[in-house]
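Here's work-v2.pdb, which has PDB, C-alpha atoms:
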```pdb
ATOM      1  CA  MET A 540     -64.844 -69.410 -25.768
ATOM      2  CA  SER A 541     -61.584 -69.892 -23.875
ATOM      3  CA  GLN A 542     -58.452 -67.929 -24.643
ATOM      4  CA  THR A 543     -56.667 -71.129 -25.666
ATOM      5  CA  SER A 544     -59.279 -71.999 -28.275
ATOM      6  CA  GLU A 545     -59.042 -68.501 -29.759
ATOM      7  CA  LYS A 546     -55.353 -68.926 -30.520
ATOM      8  CA  ARG A 547     -54.382 -69.903 -34.021
ATOM      9  CA  ASN A 548     -53.454 -73.516 -34.590
ATOM     10  CA  VAL A 549     -49.948 -73.207 -36.057
ATOM     11  CA  PRO A 550     -48.670 -76.389 -37.772
ATOM     12  CA  SER A 551     -45.726 -78.010 -35.996
ATOM     13  CA  ILE A 552     -43.477 -77.724 -39.063
ATOM     14  CA  LEU A 553     -44.142 -73.995 -39.258
ATOM     15  CA  ARG A 554     -43.471 -73.626 -35.537
ATOM     16  CA  ARG A 555     -40.091 -75.282 -36.003
ATOM     17  CA  VAL A 556     -39.264 -73.036 -38.954
ATOM     18  CA  LEU A 557     -40.174 -69.956 -36.922
ATOM     19  CA  ALA A 558     -38.126 -71.205 -33.965
ATOM     20  CA  VAL A 559     -35.061 -71.711 -36.172
ATOM     21  CA  ASP A 560     -35.645 -68.284 -37.697
ATOM     22  CA  ALA A 561     -35.773 -66.690 -34.234
ATOM     23  CA  PHE A 562     -32.607 -68.511 -33.167
ATOM     24  CA  LEU A 563     -30.653 -67.511 -36.274
ATOM     25  CA  THR A 564     -31.876 -63.937 -35.905
ATOM     26  CA  ASP A 565     -30.554 -63.793 -32.329
ATOM     27  CA  VAL A 566     -27.205 -65.238 -33.398
ATOM     28  CA  PHE A 567     -26.956 -62.753 -36.268
ATOM     29  CA  ALA A 568     -27.936 -59.767 -34.095
ATOM     30  CA  ASN A 569     -25.620 -60.746 -31.237
ATOM     31  CA  THR A 570     -22.727 -61.152 -33.663
ATOM     32  CA  LEU A 571     -23.321 -57.717 -35.155
ATOM     33  CA  GLU A 572     -23.693 -56.126 -31.732
ATOM     34  CA  THR A 573     -20.159 -57.191 -30.832
ATOM     35  CA  ILE A 574     -18.978 -54.594 -33.333
ATOM     36  CA  LEU A 575     -18.585 -51.433 -31.254
ATOM     37  CA  PRO A 576     -19.524 -48.851 -33.941
ATOM     38  CA  LEU A 577     -22.875 -50.547 -34.496
ATOM     39  CA  ARG A 578     -23.759 -50.228 -30.803
ATOM     40  CA  GLN A 579     -22.856 -46.544 -30.889
ATOM     41  CA  LEU A 580     -25.011 -45.810 -33.928
ATOM     42  CA  ARG A 581     -28.409 -46.637 -32.396
ATOM     43  CA  ILE A 582     -29.662 -43.088 -33.006
ATOM     44  CA  HIS A 583     -29.031 -43.626 -36.717
ATOM     45  CA  TYR A 584     -31.313 -46.669 -36.684
ATOM     46  CA  LYS A 585     -34.189 -44.339 -35.832
ATOM     47  CA  VAL A 586     -33.297 -42.093 -38.761
ATOM     48  CA  LEU A 587     -33.201 -45.124 -41.057
ATOM     49  CA  GLU A 588     -36.567 -46.269 -39.722
ATOM     50  CA  VAL A 589     -38.206 -42.949 -40.577
ATOM     51  CA  SER A 590     -36.375 -42.715 -43.918
ATOM     52  CA  CYS A 591     -38.198 -45.797 -45.218
ATOM     53  CA  HIS A 592     -41.572 -45.475 -43.493
ATOM     54  CA  GLY A 593     -44.599 -45.493 -45.787
ATOM     55  CA  ILE A 594     -46.258 -42.344 -44.426
ATOM     56  CA  PRO A 595     -43.277 -39.980 -44.999
ATOM     57  CA  TRP A 596     -42.668 -41.480 -48.431
ATOM     58  CA  LEU A 597     -46.270 -40.984 -49.532
ATOM     59  CA  ALA A 598     -46.451 -37.464 -48.095
ATOM     60  CA  CYS A 599     -43.112 -36.377 -49.543
ATOM     61  CA  TRP A 600     -43.794 -37.939 -52.943
ATOM     62  CA  LEU A 601     -47.199 -36.268 -53.254
ATOM     63  CA  SER A 602     -45.550 -32.991 -52.280
ATOM     64  CA  LEU A 603     -42.862 -33.569 -54.901
ATOM     65  CA  ILE A 604     -45.503 -34.145 -57.578
ATOM     66  CA  TRP A 605     -47.173 -30.886 -56.575
ATOM     67  CA  ILE A 606     -43.963 -28.828 -56.320
ATOM     68  CA  MET A 607     -41.877 -30.268 -59.190
ATOM     69  CA  ASN A 608     -44.139 -29.354 -62.073
ATOM     70  CA  LYS A 609     -42.015 -31.004 -64.741
ATOM     71  CA  ARG A 610     -43.891 -32.731 -67.557
ATOM     72  CA  SER A 611     -41.049 -35.156 -68.347
ATOM     73  CA  TRP A 612     -41.297 -36.499 -64.787
ATOM     74  CA  TYR A 613     -45.053 -37.122 -64.678
ATOM     75  CA  GLN A 614     -44.832 -40.704 -65.925
ATOM     76  CA  MET A 615     -42.090 -41.639 -63.473
ATOM     77  CA  GLN A 616     -43.773 -39.867 -60.553
ATOM     78  CA  THR A 617     -47.146 -41.509 -61.150
ATOM     79  CA  ASN A 618     -45.855 -45.048 -61.611
ATOM     80  CA  PHE A 619     -43.604 -44.726 -58.571
ATOM     81  CA  LEU A 620     -46.553 -43.493 -56.505
ATOM     82  CA  ILE A 621     -48.584 -46.501 -57.645
ATOM     83  CA  GLY A 622     -45.711 -48.740 -56.556
ATOM     84  CA  LEU A 623     -45.657 -47.182 -53.087
ATOM     85  CA  ILE A 624     -49.405 -47.702 -52.720
ATOM     86  CA  VAL A 625     -49.174 -51.299 -53.981
ATOM     87  CA  ASP A 626     -46.405 -51.992 -51.449
ATOM     88  CA  ILE A 627     -48.482 -50.661 -48.546
ATOM     89  CA  ILE A 628     -51.489 -52.736 -49.624
ATOM     90  CA  PHE A 629     -49.512 -55.967 -50.098
ATOM     91  CA  VAL A 630     -47.699 -55.617 -46.768
ATOM     92  CA  ALA A 631     -50.936 -54.825 -44.922
ATOM     93  CA  ILE A 632     -52.694 -57.874 -46.401
ATOM     94  CA  LEU A 633     -49.808 -60.242 -45.636
ATOM     95  CA  LYS A 634     -49.416 -58.947 -42.088
ATOM     96  CA  ALA A 635     -53.148 -59.270 -41.452
ATOM     97  CA  PHE A 636     -53.049 -62.850 -42.766
ATOM     98  CA  THR A 637     -49.876 -64.085 -41.040
ATOM     99  CA  ARG A 638     -50.081 -62.010 -37.828
ATOM    100  CA  ARG A 639     -46.552 -62.848 -36.767
ATOM    101  CA  ARG A 640     -45.586 -60.891 -33.667
ATOM    102  CA  ARG A 641     -42.456 -58.808 -33.533
ATOM    103  CA  PRO A 642     -39.493 -60.182 -31.534
ATOM    104  CA  ARG A 643     -40.164 -60.210 -27.790
ATOM    105  CA  ARG A 644     -36.935 -58.344 -27.131
ATOM    106  CA  ASN A 645     -38.348 -55.392 -29.045
ATOM    107  CA  SER A 646     -38.861 -52.852 -26.254
ATOM    108  CA  ASP A 647     -38.103 -49.780 -28.356
ATOM    109  CA  PRO A 648     -41.407 -48.117 -29.330
ATOM    110  CA  LEU A 649     -42.217 -47.490 -32.962
ATOM    111  CA  LEU A 650     -41.873 -43.863 -33.985
ATOM    112  CA  LEU A 651     -44.663 -44.010 -36.543
ATOM    113  CA  GLY A 652     -47.705 -46.217 -36.412
ATOM    114  CA  PRO A 653     -49.086 -48.874 -34.040
ATOM    115  CA  ASP A 654     -48.087 -51.793 -36.266
ATOM    116  CA  LYS A 655     -47.374 -54.846 -34.109
ATOM    117  CA  TYR A 656     -46.833 -57.514 -36.765
ATOM    118  CA  SER A 657     -43.488 -58.308 -38.345
ATOM    119  CA  PHE A 658     -44.028 -60.503 -41.424
ATOM    120  CA  PRO A 659     -43.100 -59.368 -43.974
ATOM    121  CA  SER A 660     -40.873 -56.360 -43.334
ATOM    122  CA  GLY A 661     -42.511 -53.350 -44.948
ATOM    123  CA  HIS A 662     -39.276 -51.387 -44.652
ATOM    124  CA  ALA A 663     -37.365 -54.092 -46.530
ATOM    125  CA  SER A 664     -40.006 -54.409 -49.252
ATOM    126  CA  ARG A 665     -40.275 -50.638 -49.702
ATOM    127  CA  ALA A 666     -36.528 -50.085 -49.798
ATOM    128  CA  THR A 667     -36.091 -52.946 -52.270
ATOM    129  CA  PHE A 668     -38.870 -51.614 -54.507
ATOM    130  CA  ILE A 669     -37.314 -48.133 -54.487
ATOM    131  CA  VAL A 670     -33.888 -49.503 -55.441
ATOM    132  CA  TYR A 671     -35.450 -51.741 -58.126
ATOM    133  CA  PHE A 672     -37.417 -48.824 -59.563
ATOM    134  CA  PHE A 673     -34.447 -46.477 -59.836
ATOM    135  CA  LEU A 674     -32.142 -49.233 -61.030
ATOM    136  CA  SER A 675     -34.265 -51.003 -63.657
ATOM    137  CA  ILE A 676     -37.442 -49.055 -64.400
ATOM    138  CA  TRP A 677     -36.297 -45.418 -64.321
ATOM    139  CA  PRO A 678     -32.502 -45.765 -64.058
ATOM    140  CA  LEU A 679     -30.609 -43.054 -62.219
ATOM    141  CA  HIS A 680     -27.043 -42.053 -62.965
ATOM    142  CA  PHE A 681     -24.638 -44.768 -61.823
ATOM    143  CA  VAL A 682     -23.199 -42.533 -59.091
ATOM    144  CA  PHE A 683     -26.492 -42.875 -57.182
ATOM    145  CA  ILE A 684     -26.525 -46.680 -57.280
ATOM    146  CA  PRO A 685     -23.962 -47.381 -54.489
ATOM    147  CA  PRO A 686     -25.729 -45.019 -52.011
ATOM    148  CA  LEU A 687     -29.057 -46.665 -52.817
ATOM    149  CA  PHE A 688     -27.701 -50.147 -52.147
ATOM    150  CA  ALA A 689     -25.941 -48.929 -48.997
ATOM    151  CA  TRP A 690     -29.263 -47.489 -47.801
ATOM    152  CA  LEU A 691     -31.091 -50.745 -48.549
ATOM    153  CA  ILE A 692     -28.519 -52.851 -46.689
ATOM    154  CA  SER A 693     -28.483 -50.400 -43.768
ATOM    155  CA  ILE A 694     -32.276 -50.519 -43.541
ATOM    156  CA  CYS A 695     -32.275 -54.326 -43.365
ATOM    157  CA  ILE A 696     -29.478 -54.538 -40.790
ATOM    158  CA  SER A 697     -31.048 -51.835 -38.619
ATOM    159  CA  ARG A 698     -34.364 -53.724 -38.548
ATOM    160  CA  ILE A 699     -32.569 -56.700 -37.012
ATOM    161  CA  LEU A 700     -30.529 -54.671 -34.537
ATOM    162  CA  MET A 701     -33.596 -52.721 -33.407
ATOM    163  CA  LYS A 702     -35.368 -56.052 -32.812
ATOM    164  CA  ARG A 703     -38.139 -55.047 -35.206
ATOM    165  CA  HIS A 704     -37.944 -58.156 -37.404
ATOM    166  CA  TYR A 705     -36.639 -61.667 -37.846
ATOM    167  CA  LEU A 706     -34.388 -62.710 -40.722
ATOM    168  CA  LEU A 707     -37.273 -64.430 -42.508
ATOM    169  CA  ASP A 708     -39.282 -61.194 -42.353
ATOM    170  CA  LEU A 709     -36.475 -59.326 -44.100
ATOM    171  CA  ILE A 710     -35.868 -61.978 -46.743
ATOM    172  CA  SER A 711     -39.590 -62.083 -47.531
ATOM    173  CA  GLY A 712     -39.707 -58.286 -47.615
ATOM    174  CA  VAL A 713     -36.845 -58.125 -50.114
ATOM    175  CA  LEU A 714     -38.505 -60.743 -52.343
ATOM    176  CA  LEU A 715     -41.805 -58.870 -52.108
ATOM    177  CA  GLY A 716     -40.088 -55.620 -53.130
ATOM    178  CA  ILE A 717     -38.561 -57.318 -56.177
ATOM    179  CA  PHE A 718     -41.976 -58.692 -57.119
ATOM    180  CA  GLU A 719     -43.553 -55.248 -56.744
ATOM    181  CA  GLY A 720     -40.891 -53.699 -58.949
ATOM    182  CA  PHE A 721     -41.456 -56.379 -61.589
ATOM    183  CA  LEU A 722     -45.226 -55.872 -61.353
ATOM    184  CA  ILE A 723     -44.927 -52.101 -61.829
ATOM    185  CA  SER A 724     -42.656 -52.661 -64.832
ATOM    186  CA  LEU A 725     -45.405 -54.823 -66.387
ATOM    187  CA  ILE A 726     -48.261 -52.364 -65.793
ATOM    188  CA  TYR A 727     -46.177 -49.209 -66.363
ATOM    189  CA  LEU A 728     -48.662 -46.498 -67.324
ATOM    190  CA  ASP A 729     -48.155 -44.476 -70.486
ATOM    191  CA  GLU A 730     -47.405 -40.757 -70.425
ATOM    192  CA  GLU A 731     -50.861 -39.513 -71.398
ATOM    193  CA  THR A 732     -52.540 -41.571 -68.682
ATOM    194  CA  CYS A 733     -50.078 -40.228 -66.130
ATOM    195  CA  ILE A 734     -50.733 -36.646 -67.256
ATOM    196  CA  GLY A 735     -54.440 -37.230 -66.691
ATOM    197  CA  LEU A 736     -53.823 -38.629 -63.216
ATOM    198  CA  ILE A 737     -51.519 -35.760 -62.288
ATOM    199  CA  SER A 738     -54.187 -33.335 -63.465
ATOM    200  CA  TRP A 739     -56.750 -35.087 -61.289
ATOM    201  CA  LEU A 740     -54.424 -35.080 -58.260
ATOM    202  CA  THR A 741     -53.524 -31.410 -58.622
ATOM    203  CA  ASP A 742     -57.016 -30.382 -59.783
ATOM    204  CA  GLU A 743     -55.629 -28.363 -62.693
ATOM    205  CA  LYS A 744     -55.078 -28.768 -66.419
ATOM    206  CA  VAL A 745     -51.630 -30.046 -67.313
ATOM    207  CA  GLU A 746     -50.175 -28.844 -70.576
ATOM    208  CA  GLY A 747     -49.814 -31.628 -73.105
ATOM    209  CA  GLY A 748     -52.950 -33.614 -72.288
ATOM    210  CA  ASP A 749     -55.760 -34.215 -74.769
ATOM    211  CA  TYR A 750     -58.018 -32.033 -72.641
ATOM    212  CA  HIS A 751     -55.654 -29.043 -72.561
ATOM    213  CA  VAL A 752     -57.093 -25.824 -74.048
TER     214      VAL A 752
END
```

Translate this file's structure into structure tokens.
Amino acid sequence: MSQTSEKRNVPSILRRVLAVDAFLTDVFANTLETILPLRQLRIHYKVLEVSCHGIPWLACWLSLIWIMNKRSWYQMQTNFLIGLIVDIIFVAILKAFTRRRRPRRNSDPLLLGPDKYSFPSGHASRATFIVYFFLSIWPLHFVFIPPLFAWLISICISRILMKRHYLLDLISGVLLGIFEGFLISLIYLDEETCIGLISWLTDEKVEGGDYHV
């Protein structure tokens, strides 16, 4: 089979949409890059990239569950962990299905992972889910809300300036994160179920469960 025949047959309408998306992304990125401080903050883009990567979030959250042995947090910790896992699964499935390549100008290697597909943005979906969770599902004190939104916006802008994603990738990622937050709010596990799951994860009896002796 020839290499040409192995390529996916992309509908012409979709090709035009993707071309417009790529053009608008370039215009947006070039406009932002004219702002001197943004060009000088490239090192911070790397920090933002790691701050919203799935692997550090899963590792740190599992460590938090293990270290912060606080019964009143078990329900929040468990449902948030489920949300992180759901996000990773959804993004992986969509990327495997769409297989949209990252922008060609992306010459900066990824710090974590060999992921080469861009749609949707997993960083945007994860950041949006995190903000949704701590805004609507388990609300934090209002003083934490502005930093959370600033982090979310910074994540999205940095993905464009690092040439990791197109605008459509980010928009879809944000919408996916909102959907994930809504989904978790619908299936939010009760406290006793979460205590049982925490006990299974930590391999010890948690005080307050039906099995506790």

- Task: Go through the shown structure with the PyMOL selection byres ((chain A and resi 694-704) around 10) and write out the matching residues as a PyMOL selection string.
- Result: chain A and resi 561+564-565+567-569+571-572+577-578+580-581+583-588+590-591+639-649+655-660+662-664+666-667+688-693+705-710+712-713

For the structure shown, which residues end up in the PyMOL selection byres ((chain A and resi 604) around 12)? Put them as number ranges by chain, please? A: 597-603, 605-620, 733-734, 736-741

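Evaluated against the shown file, the PyMOL selection byres ((chain A and resi 671) around 10) gives Arg665, Ala666, Thr667, Phe668, Ile669, Val670, Phe672, Phe673, Leu674, Ser675, Ile676, Trp677, Pro678, Leu687, Phe688, Gly716, Ile717, Phe718, Glu719, Gly720, Phe721 and Ser724 of chain A.
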
| Distance atom CA of A:Leu725-atom CA of A:Val630, one decimal place? |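 So the two atoms, atom CA of A:Leu725 and atom CA of A:Val630, lie 19.8 Å apart.
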
Students should find that atom CA of A:Leu715 and atom CA of A:Leu633 are spaced 10.4 Å

One decimal, Å: what's the distance from atom CA of A:Glu731 over to atom CA of A:Ile621, could you say?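 Straight-line distance from atom CA of A:Glu731 to atom CA of A:Ile621 works out to 15.6 Å.
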
Starting from the incomplete input, reconstruct N, CA, C and O atoms of stretch 692-718 of chain A and write that as a PDB file, keeping the file's coordinate frame.
```pdb
ATOM      1  N   ILE A 692     -29.181 -51.932 -47.620  1.00  0.00           N
ATOM      2  CA  ILE A 692     -28.519 -52.851 -46.689  1.00  0.00           C
ATOM      3  C   ILE A 692     -28.597 -52.319 -45.261  1.00  0.00           C
ATOM      4  O   ILE A 692     -28.850 -53.069 -44.307  1.00  0.00           O
ATOM      5  N   SER A 693     -28.417 -51.004 -45.109  1.00  0.00           N
ATOM      6  CA  SER A 693     -28.483 -50.400 -43.768  1.00  0.00           C
ATOM      7  C   SER A 693     -29.875 -50.530 -43.172  1.00  0.00           C
ATOM      8  O   SER A 693     -30.028 -50.788 -41.978  1.00  0.00           O
ATOM      9  N   ILE A 694     -30.895 -50.355 -44.005  1.00  0.00           N
ATOM     10  CA  ILE A 694     -32.276 -50.519 -43.541  1.00  0.00           C
ATOM     11  C   ILE A 694     -32.481 -51.933 -43.004  1.00  0.00           C
ATOM     12  O   ILE A 694     -33.009 -52.134 -41.895  1.00  0.00           O
ATOM     13  N   CYS A 695     -32.053 -52.932 -43.769  1.00  0.00           N
ATOM     14  CA  CYS A 695     -32.275 -54.326 -43.365  1.00  0.00           C
ATOM     15  C   CYS A 695     -31.521 -54.660 -42.084  1.00  0.00           C
ATOM     16  O   CYS A 695     -32.076 -55.294 -41.179  1.00  0.00           O
ATOM     17  N   ILE A 696     -30.266 -54.242 -41.992  1.00  0.00           N
ATOM     18  CA  ILE A 696     -29.478 -54.538 -40.790  1.00  0.00           C
ATOM     19  C   ILE A 696     -30.065 -53.833 -39.567  1.00  0.00           C
ATOM     20  O   ILE A 696     -30.157 -54.412 -38.472  1.00  0.00           O
ATOM     21  N   SER A 697     -30.499 -52.583 -39.759  1.00  0.00           N
ATOM     22  CA  SER A 697     -31.048 -51.835 -38.619  1.00  0.00           C
ATOM     23  C   SER A 697     -32.332 -52.464 -38.104  1.00  0.00           C
ATOM     24  O   SER A 697     -32.612 -52.409 -36.900  1.00  0.00           O
ATOM     25  N   ARG A 698     -33.114 -53.093 -38.986  1.00  0.00           N
ATOM     26  CA  ARG A 698     -34.364 -53.724 -38.548  1.00  0.00           C
ATOM     27  C   ARG A 698     -34.080 -54.901 -37.616  1.00  0.00           C
ATOM     28  O   ARG A 698     -34.847 -55.180 -36.695  1.00  0.00           O
ATOM     29  N   ILE A 699     -32.964 -55.595 -37.873  1.00  0.00           N
ATOM     30  CA  ILE A 699     -32.569 -56.700 -37.012  1.00  0.00           C
ATOM     31  C   ILE A 699     -32.042 -56.176 -35.684  1.00  0.00           C
ATOM     32  O   ILE A 699     -32.419 -56.648 -34.602  1.00  0.00           O
ATOM     33  N   LEU A 700     -31.161 -55.178 -35.750  1.00  0.00           N
ATOM     34  CA  LEU A 700     -30.529 -54.671 -34.537  1.00  0.00           C
ATOM     35  C   LEU A 700     -31.505 -53.923 -33.643  1.00  0.00           C
ATOM     36  O   LEU A 700     -31.306 -53.845 -32.426  1.00  0.00           O
ATOM     37  N   MET A 701     -32.573 -53.384 -34.210  1.00  0.00           N
ATOM     38  CA  MET A 701     -33.596 -52.721 -33.407  1.00  0.00           C
ATOM     39  C   MET A 701     -34.629 -53.718 -32.889  1.00  0.00           C
ATOM     40  O   MET A 701     -35.594 -53.335 -32.233  1.00  0.00           O
ATOM     41  N   LYS A 702     -34.445 -54.986 -33.232  1.00  0.00           N
ATOM     42  CA  LYS A 702     -35.368 -56.052 -32.812  1.00  0.00           C
ATOM     43  C   LYS A 702     -36.774 -55.839 -33.375  1.00  0.00           C
ATOM     44  O   LYS A 702     -37.765 -56.198 -32.753  1.00  0.00           O
ATOM     45  N   ARG A 703     -36.840 -55.252 -34.557  1.00  0.00           N
ATOM     46  CA  ARG A 703     -38.139 -55.047 -35.206  1.00  0.00           C
ATOM     47  C   ARG A 703     -38.589 -56.302 -35.968  1.00  0.00           C
ATOM     48  O   ARG A 703     -39.772 -56.565 -36.099  1.00  0.00           O
ATOM     49  N   HIS A 704     -37.619 -57.042 -36.521  1.00  0.00           N
ATOM     50  CA  HIS A 704     -37.944 -58.156 -37.404  1.00  0.00           C
ATOM     51  C   HIS A 704     -37.011 -59.342 -37.198  1.00  0.00           C
ATOM     52  O   HIS A 704     -35.926 -59.212 -36.620  1.00  0.00           O
ATOM     53  N   TYR A 705     -37.460 -60.476 -37.737  1.00  0.00           N
ATOM     54  CA  TYR A 705     -36.639 -61.667 -37.846  1.00  0.00           C
ATOM     55  C   TYR A 705     -36.029 -61.712 -39.253  1.00  0.00           C
ATOM     56  O   TYR A 705     -36.457 -60.984 -40.149  1.00  0.00           O
ATOM     57  N   LEU A 706     -35.049 -62.588 -39.421  1.00  0.00           N
ATOM     58  CA  LEU A 706     -34.388 -62.710 -40.722  1.00  0.00           C
ATOM     59  C   LEU A 706     -35.373 -63.084 -41.822  1.00  0.00           C
ATOM     60  O   LEU A 706     -35.313 -62.560 -42.936  1.00  0.00           O
ATOM     61  N   LEU A 707     -36.299 -63.998 -41.513  1.00  0.00           N
ATOM     62  CA  LEU A 707     -37.273 -64.430 -42.508  1.00  0.00           C
ATOM     63  C   LEU A 707     -38.180 -63.275 -42.933  1.00  0.00           C
ATOM     64  O   LEU A 707     -38.590 -63.201 -44.103  1.00  0.00           O
ATOM     65  N   ASP A 708     -38.485 -62.370 -42.017  1.00  0.00           N
ATOM     66  CA  ASP A 708     -39.282 -61.194 -42.353  1.00  0.00           C
ATOM     67  C   ASP A 708     -38.567 -60.338 -43.399  1.00  0.00           C
ATOM     68  O   ASP A 708     -39.184 -59.833 -44.350  1.00  0.00           O
ATOM     69  N   LEU A 709     -37.260 -60.164 -43.193  1.00  0.00           N
ATOM     70  CA  LEU A 709     -36.475 -59.326 -44.100  1.00  0.00           C
ATOM     71  C   LEU A 709     -36.314 -59.977 -45.466  1.00  0.00           C
ATOM     72  O   LEU A 709     -36.464 -59.308 -46.498  1.00  0.00           O
ATOM     73  N   ILE A 710     -36.020 -61.269 -45.471  1.00  0.00           N
ATOM     74  CA  ILE A 710     -35.868 -61.978 -46.743  1.00  0.00           C
ATOM     75  C   ILE A 710     -37.167 -61.914 -47.545  1.00  0.00           C
ATOM     76  O   ILE A 710     -37.166 -61.643 -48.754  1.00  0.00           O
ATOM     77  N   SER A 711     -38.289 -62.149 -46.858  1.00  0.00           N
ATOM     78  CA  SER A 711     -39.590 -62.083 -47.531  1.00  0.00           C
ATOM     79  C   SER A 711     -39.881 -60.671 -48.010  1.00  0.00           C
ATOM     80  O   SER A 711     -40.448 -60.477 -49.097  1.00  0.00           O
ATOM     81  N   GLY A 712     -39.500 -59.670 -47.211  1.00  0.00           N
ATOM     82  CA  GLY A 712     -39.707 -58.286 -47.615  1.00  0.00           C
ATOM     83  C   GLY A 712     -38.920 -57.930 -48.860  1.00  0.00           C
ATOM     84  O   GLY A 712     -39.435 -57.259 -49.769  1.00  0.00           O
ATOM     85  N   VAL A 713     -37.675 -58.381 -48.933  1.00  0.00           N
ATOM     86  CA  VAL A 713     -36.845 -58.125 -50.114  1.00  0.00           C
ATOM     87  C   VAL A 713     -37.452 -58.786 -51.348  1.00  0.00           C
ATOM     88  O   VAL A 713     -37.550 -58.178 -52.421  1.00  0.00           O
ATOM     89  N   LEU A 714     -37.877 -60.033 -51.217  1.00  0.00           N
ATOM     90  CA  LEU A 714     -38.505 -60.743 -52.343  1.00  0.00           C
ATOM     91  C   LEU A 714     -39.800 -60.057 -52.770  1.00  0.00           C
ATOM     92  O   LEU A 714     -40.092 -59.949 -53.971  1.00  0.00           O
ATOM     93  N   LEU A 715     -40.569 -59.583 -51.790  1.00  0.00           N
ATOM     94  CA  LEU A 715     -41.805 -58.870 -52.108  1.00  0.00           C
ATOM     95  C   LEU A 715     -41.500 -57.583 -52.866  1.00  0.00           C
ATOM     96  O   LEU A 715     -42.194 -57.244 -53.834  1.00  0.00           O
ATOM     97  N   GLY A 716     -40.460 -56.858 -52.442  1.00  0.00           N
ATOM     98  CA  GLY A 716     -40.088 -55.620 -53.130  1.00  0.00           C
ATOM     99  C   GLY A 716     -39.675 -55.864 -54.566  1.00  0.00           C
ATOM    100  O   GLY A 716     -40.005 -55.078 -55.463  1.00  0.00           O
ATOM    101  N   ILE A 717     -38.944 -56.964 -54.809  1.00  0.00           N
ATOM    102  CA  ILE A 717     -38.561 -57.318 -56.177  1.00  0.00           C
ATOM    103  C   ILE A 717     -39.798 -57.631 -57.006  1.00  0.00           C
ATOM    104  O   ILE A 717     -39.917 -57.198 -58.164  1.00  0.00           O
ATOM    105  N   PHE A 718     -40.730 -58.378 -56.413  1.00  0.00           N
ATOM    106  CA  PHE A 718     -41.976 -58.692 -57.119  1.00  0.00           C
ATOM    107  C   PHE A 718     -42.760 -57.427 -57.447  1.00  0.00           C
ATOM    108  O   PHE A 718     -43.299 -57.286 -58.557  1.00  0.00           O
TER     109      PHE A 718
END
```
